[in-house]
$ cat upload_28.cif   # mmCIF, C-alpha atoms
data_query
#
loop_
_atom_site.group_PDB
_atom_site.id
_atom_site.type_symbol
_atom_site.label_atom_id
_atom_site.label_comp_id
_atom_site.auth_asym_id
_atom_site.auth_seq_id
_atom_site.Cartn_x
_atom_site.Cartn_y
_atom_site.Cartn_z
ATOM 1 C CA MET P 273 58.159 132.958 143.181
ATOM 2 C CA GLU P 274 61.010 131.547 141.194
ATOM 3 C CA VAL P 275 60.381 128.264 139.408
ATOM 4 C CA THR P 276 63.740 126.607 138.794
ATOM 5 C CA GLY P 277 62.475 123.682 136.769
ATOM 6 C CA LEU P 278 64.250 121.101 138.918
ATOM 7 C CA ARG P 279 61.113 119.280 140.006
ATOM 8 C CA ASP P 280 58.259 121.004 138.185
ATOM 9 C CA ILE P 281 54.908 119.267 137.970
ATOM 10 C CA LEU P 282 54.535 118.113 134.369
ATOM 11 C CA GLU P 283 51.435 117.105 132.401
ATOM 12 C CA GLN P 284 51.528 113.562 133.822
ATOM 13 C CA GLY P 285 51.472 114.979 137.349
ATOM 14 C CA PHE P 286 48.652 117.401 136.524
ATOM 15 C CA SER P 287 46.706 114.518 134.978
ATOM 16 C CA ILE P 288 46.928 112.600 138.262
ATOM 17 C CA ILE P 289 45.886 115.694 140.242
ATOM 18 C CA ARG P 290 42.880 116.269 137.928
ATOM 19 C CA GLU P 291 41.827 112.626 138.261
ATOM 20 C CA PHE P 292 41.907 112.657 142.063
ATOM 21 C CA GLU P 293 40.631 116.222 142.567
ATOM 22 C CA GLY P 294 37.763 116.051 140.082
ATOM 23 C CA SER P 295 36.047 119.087 138.612
ATOM 24 C CA ARG P 296 32.574 120.594 138.723
ATOM 25 C CA ALA P 297 30.880 122.861 136.172
ATOM 26 C CA ASN P 298 29.891 125.535 138.703
ATOM 27 C CA ALA P 299 31.410 127.054 141.826
ATOM 28 C CA TYR P 300 30.575 124.979 144.908
ATOM 29 C CA LEU P 301 31.102 125.060 148.653
ATOM 30 C CA ASP P 302 33.896 122.663 149.586
ATOM 31 C CA THR P 303 33.842 120.591 152.780
ATOM 32 C CA GLY P 304 35.336 123.547 154.665
ATOM 33 C CA GLY P 305 32.611 125.927 153.480
ATOM 34 C CA VAL P 306 34.866 127.779 150.989
ATOM 35 C CA TRP P 307 33.645 128.631 147.474
ATOM 36 C CA THR P 308 35.699 126.511 145.108
ATOM 37 C CA ILE P 309 35.825 126.027 141.342
ATOM 38 C CA GLY P 310 37.501 123.772 138.812
ATOM 39 C CA TYR P 311 40.075 121.439 140.342
ATOM 40 C CA GLY P 312 40.083 123.018 143.796
ATOM 41 C CA THR P 313 40.760 126.683 143.029
ATOM 42 C CA ILE P 314 39.640 129.048 145.791
ATOM 43 C CA LYS P 315 41.318 132.200 144.408
ATOM 44 C CA TYR P 316 41.843 133.268 140.824
ATOM 45 C CA PRO P 317 45.345 134.204 139.611
ATOM 46 C CA ASP P 318 44.575 137.876 140.353
ATOM 47 C CA GLY P 319 43.839 136.994 144.016
ATOM 48 C CA THR P 320 40.056 137.410 143.771
ATOM 49 C CA LYS P 321 38.136 134.788 145.758
ATOM 50 C CA VAL P 322 35.784 132.412 143.952
ATOM 51 C CA LYS P 323 32.137 133.390 144.389
ATOM 52 C CA LYS P 324 28.820 131.550 144.238
ATOM 53 C CA GLY P 325 27.352 131.274 140.737
ATOM 54 C CA THR P 326 30.636 131.305 138.829
ATOM 55 C CA ILE P 327 30.753 129.055 135.753
ATOM 56 C CA TYR P 328 33.992 128.108 133.978
ATOM 57 C CA THR P 329 35.424 126.328 130.964
ATOM 58 C CA GLN P 330 37.719 123.312 131.243
ATOM 59 C CA GLY P 331 40.487 125.464 129.735
ATOM 60 C CA GLN P 332 40.097 128.030 132.503
ATOM 61 C CA ALA P 333 40.046 125.313 135.164
ATOM 62 C CA TYR P 334 43.313 123.870 133.836
ATOM 63 C CA LEU P 335 45.020 127.287 133.823
ATOM 64 C CA TRP P 336 43.827 127.935 137.389
ATOM 65 C CA LEU P 337 45.142 124.516 138.458
ATOM 66 C CA LYS P 338 48.576 125.251 136.996
ATOM 67 C CA ASN P 339 48.592 128.661 138.684
ATOM 68 C CA ASP P 340 47.566 127.129 142.027
ATOM 69 C CA TYR P 341 50.532 124.740 141.921
ATOM 70 C CA GLU P 342 53.307 127.265 141.116
ATOM 71 C CA TRP P 343 54.106 127.531 144.843
ATOM 72 C CA VAL P 344 54.261 123.708 145.050
ATOM 73 C CA ASP P 345 56.949 123.656 142.346
ATOM 74 C CA VAL P 346 58.974 126.208 144.313
ATOM 75 C CA CYS P 347 58.654 124.159 147.509
ATOM 76 C CA LEU P 348 59.639 120.938 145.745
ATOM 77 C CA ASP P 349 62.769 122.591 144.357
ATOM 78 C CA LYS P 350 63.678 124.117 147.694
ATOM 79 C CA TYR P 351 62.971 121.305 150.157
ATOM 80 C CA LEU P 352 62.932 117.955 148.374
ATOM 81 C CA LYS P 353 66.311 116.265 148.615
ATOM 82 C CA VAL P 354 65.575 112.958 146.832
ATOM 83 C CA ASN P 355 64.694 112.147 143.223
ATOM 84 C CA ILE P 356 60.993 111.605 142.520
ATOM 85 C CA ASN P 357 58.836 110.993 139.456
ATOM 86 C CA GLN P 358 55.481 112.423 138.380
ATOM 87 C CA ASN P 359 53.576 109.580 140.044
#

$ encode --input "upload_28.cif" --output "structure tokens"
Amino acid sequence: MEVTGLRDILEQGFSIIREFEGSRANAYLDTGGVWTIGYGTIKYPDGTKVKKGTIYTQGQAYLWLKNDYEWVDVCLDKYLKVNINQN
């Protein structure tokens, strides 16, 4: 995916996402029954699915969050036709 930088999620946006998403210290089953970790990650950057028993660091969770949202940045650049801010 090509990130153009037109409407990328910046630290302020990620801060809001982290606040609303929350984070847990261990992998957990989300409301849909999918193993999830960090701030809502269900697959690691290499495509491997999250498994029961996984433990993470906050640094890892943040990197996974940023990786999870790369496709969002692409969609924002492609489809959004109005100016927005990080809020």

$ atom_distance --input "upload_28.cif" --atom1 "CA of Ala333 (chain P)" --atom2 "CA of Cys347 (chain P)"
22.4 Å

$ atom_distance --input "upload_28.cif" --atom1 "CA of Phe286 (chain P)" --atom2 "CA of Leu352 (chain P)"
18.6 Å

$ residues_around --input "upload_28.cif" --residues "Glu283 (chain P)" --least-positions-apart "2" --cutoff "12 Å" --atoms "only C-alpha atoms" --output "ChimeraX atom specification"
/P:280-281,285-290,334,337-338,357-359

$ write_last_selection --input "upload_28.cif" --atoms "C-alpha atoms" --output "PDB file, keeping the file's coordinate frame"
ATOM      1  CA  ASP P 280      58.259 121.004 138.185  1.00  0.00           C
ATOM      2  CA  ILE P 281      54.908 119.267 137.970  1.00  0.00           C
ATOM      3  CA  GLY P 285      51.472 114.979 137.349  1.00  0.00           C
ATOM      4  CA  PHE P 286      48.652 117.401 136.524  1.00  0.00           C
ATOM      5  CA  SER P 287      46.706 114.518 134.978  1.00  0.00           C
ATOM      6  CA  ILE P 288      46.928 112.600 138.262  1.00  0.00           C
ATOM      7  CA  ILE P 289      45.886 115.694 140.242  1.00  0.00           C
ATOM      8  CA  ARG P 290      42.880 116.269 137.928  1.00  0.00           C
ATOM      9  CA  TYR P 334      43.313 123.870 133.836  1.00  0.00           C
ATOM     10  CA  LEU P 337      45.142 124.516 138.458  1.00  0.00           C
ATOM     11  CA  LYS P 338      48.576 125.251 136.996  1.00  0.00           C
ATOM     12  CA  ASN P 357      58.836 110.993 139.456  1.00  0.00           C
ATOM     13  CA  GLN P 358      55.481 112.423 138.380  1.00  0.00           C
ATOM     14  CA  ASN P 359      53.576 109.580 140.044  1.00  0.00           C
TER      15      ASN P 359
END

$ atom_distance --input "upload_28.cif" --atom1 "CA of Tyr311 (chain P)" --atom2 "CA of Ser295 (chain P)"
5.0 Å

$ resolve_selection --input "upload_28.cif" --expression "the PyMOL selection byres ((chain P and resi 315-320) around 12)" --output "PyMOL selection string"
chain P and resi 299+306-314+321-323+326+328+332-342

$ closest_residue --input "upload_28.cif" --among "P:Thr303, P:Gln284, P:Asn355, P:Asn298" --to "Ile327 (chain P)" --atoms "all atoms listed in the file"
P:Asn298

$ decode --input "upload_28.cif" --residues "region 319-330 of chain P" --atoms "N, CA, C and O atoms" --output "compact mmCIF listing (two decimals), in the first residue's frame"
# COMPACT_ATOMS: atom_id res chain seq x y z
N GLY P 319 1.48 -11.19 9.35
CA GLY P 319 0.26 -11.90 8.96
C GLY P 319 -0.15 -13.02 9.90
O GLY P 319 -1.24 -13.57 9.77
N THR P 320 0.70 -13.38 10.85
CA THR P 320 0.39 -14.42 11.82
C THR P 320 -0.73 -13.96 12.74
O THR P 320 -0.70 -12.83 13.23
N LYS P 321 -1.70 -14.84 12.99
CA LYS P 321 -2.81 -14.49 13.89
C LYS P 321 -2.35 -14.51 15.35
O LYS P 321 -1.49 -15.31 15.73
N VAL P 322 -2.93 -13.64 16.15
CA VAL P 322 -2.68 -13.61 17.58
C VAL P 322 -3.20 -14.91 18.19
O VAL P 322 -4.24 -15.42 17.79
N LYS P 323 -2.45 -15.43 19.16
CA LYS P 323 -2.83 -16.69 19.81
C LYS P 323 -2.96 -16.50 21.32
O LYS P 323 -2.34 -15.61 21.90
N LYS P 324 -3.73 -17.36 21.94
CA LYS P 324 -3.91 -17.38 23.38
C LYS P 324 -2.55 -17.46 24.07
O LYS P 324 -1.66 -18.17 23.62
N GLY P 325 -2.40 -16.73 25.17
CA GLY P 325 -1.18 -16.79 25.97
C GLY P 325 -0.10 -15.80 25.59
O GLY P 325 0.90 -15.69 26.29
N THR P 326 -0.29 -15.07 24.51
CA THR P 326 0.72 -14.10 24.08
C THR P 326 0.75 -12.92 25.05
O THR P 326 -0.28 -12.42 25.48
N ILE P 327 1.97 -12.50 25.39
CA ILE P 327 2.19 -11.32 26.24
C ILE P 327 2.99 -10.33 25.41
O ILE P 327 3.80 -10.72 24.57
N TYR P 328 2.79 -9.04 25.64
CA TYR P 328 3.46 -8.02 24.82
C TYR P 328 3.97 -6.88 25.67
O TYR P 328 3.61 -6.74 26.84
N THR P 329 4.79 -6.04 25.05
CA THR P 329 5.22 -4.79 25.69
C THR P 329 4.39 -3.65 25.10
O THR P 329 3.81 -3.81 24.01
N GLN P 330 4.33 -2.54 25.78
CA GLN P 330 3.60 -1.38 25.27
C GLN P 330 4.22 -0.90 23.95
O GLN P 330 3.52 -0.46 23.06
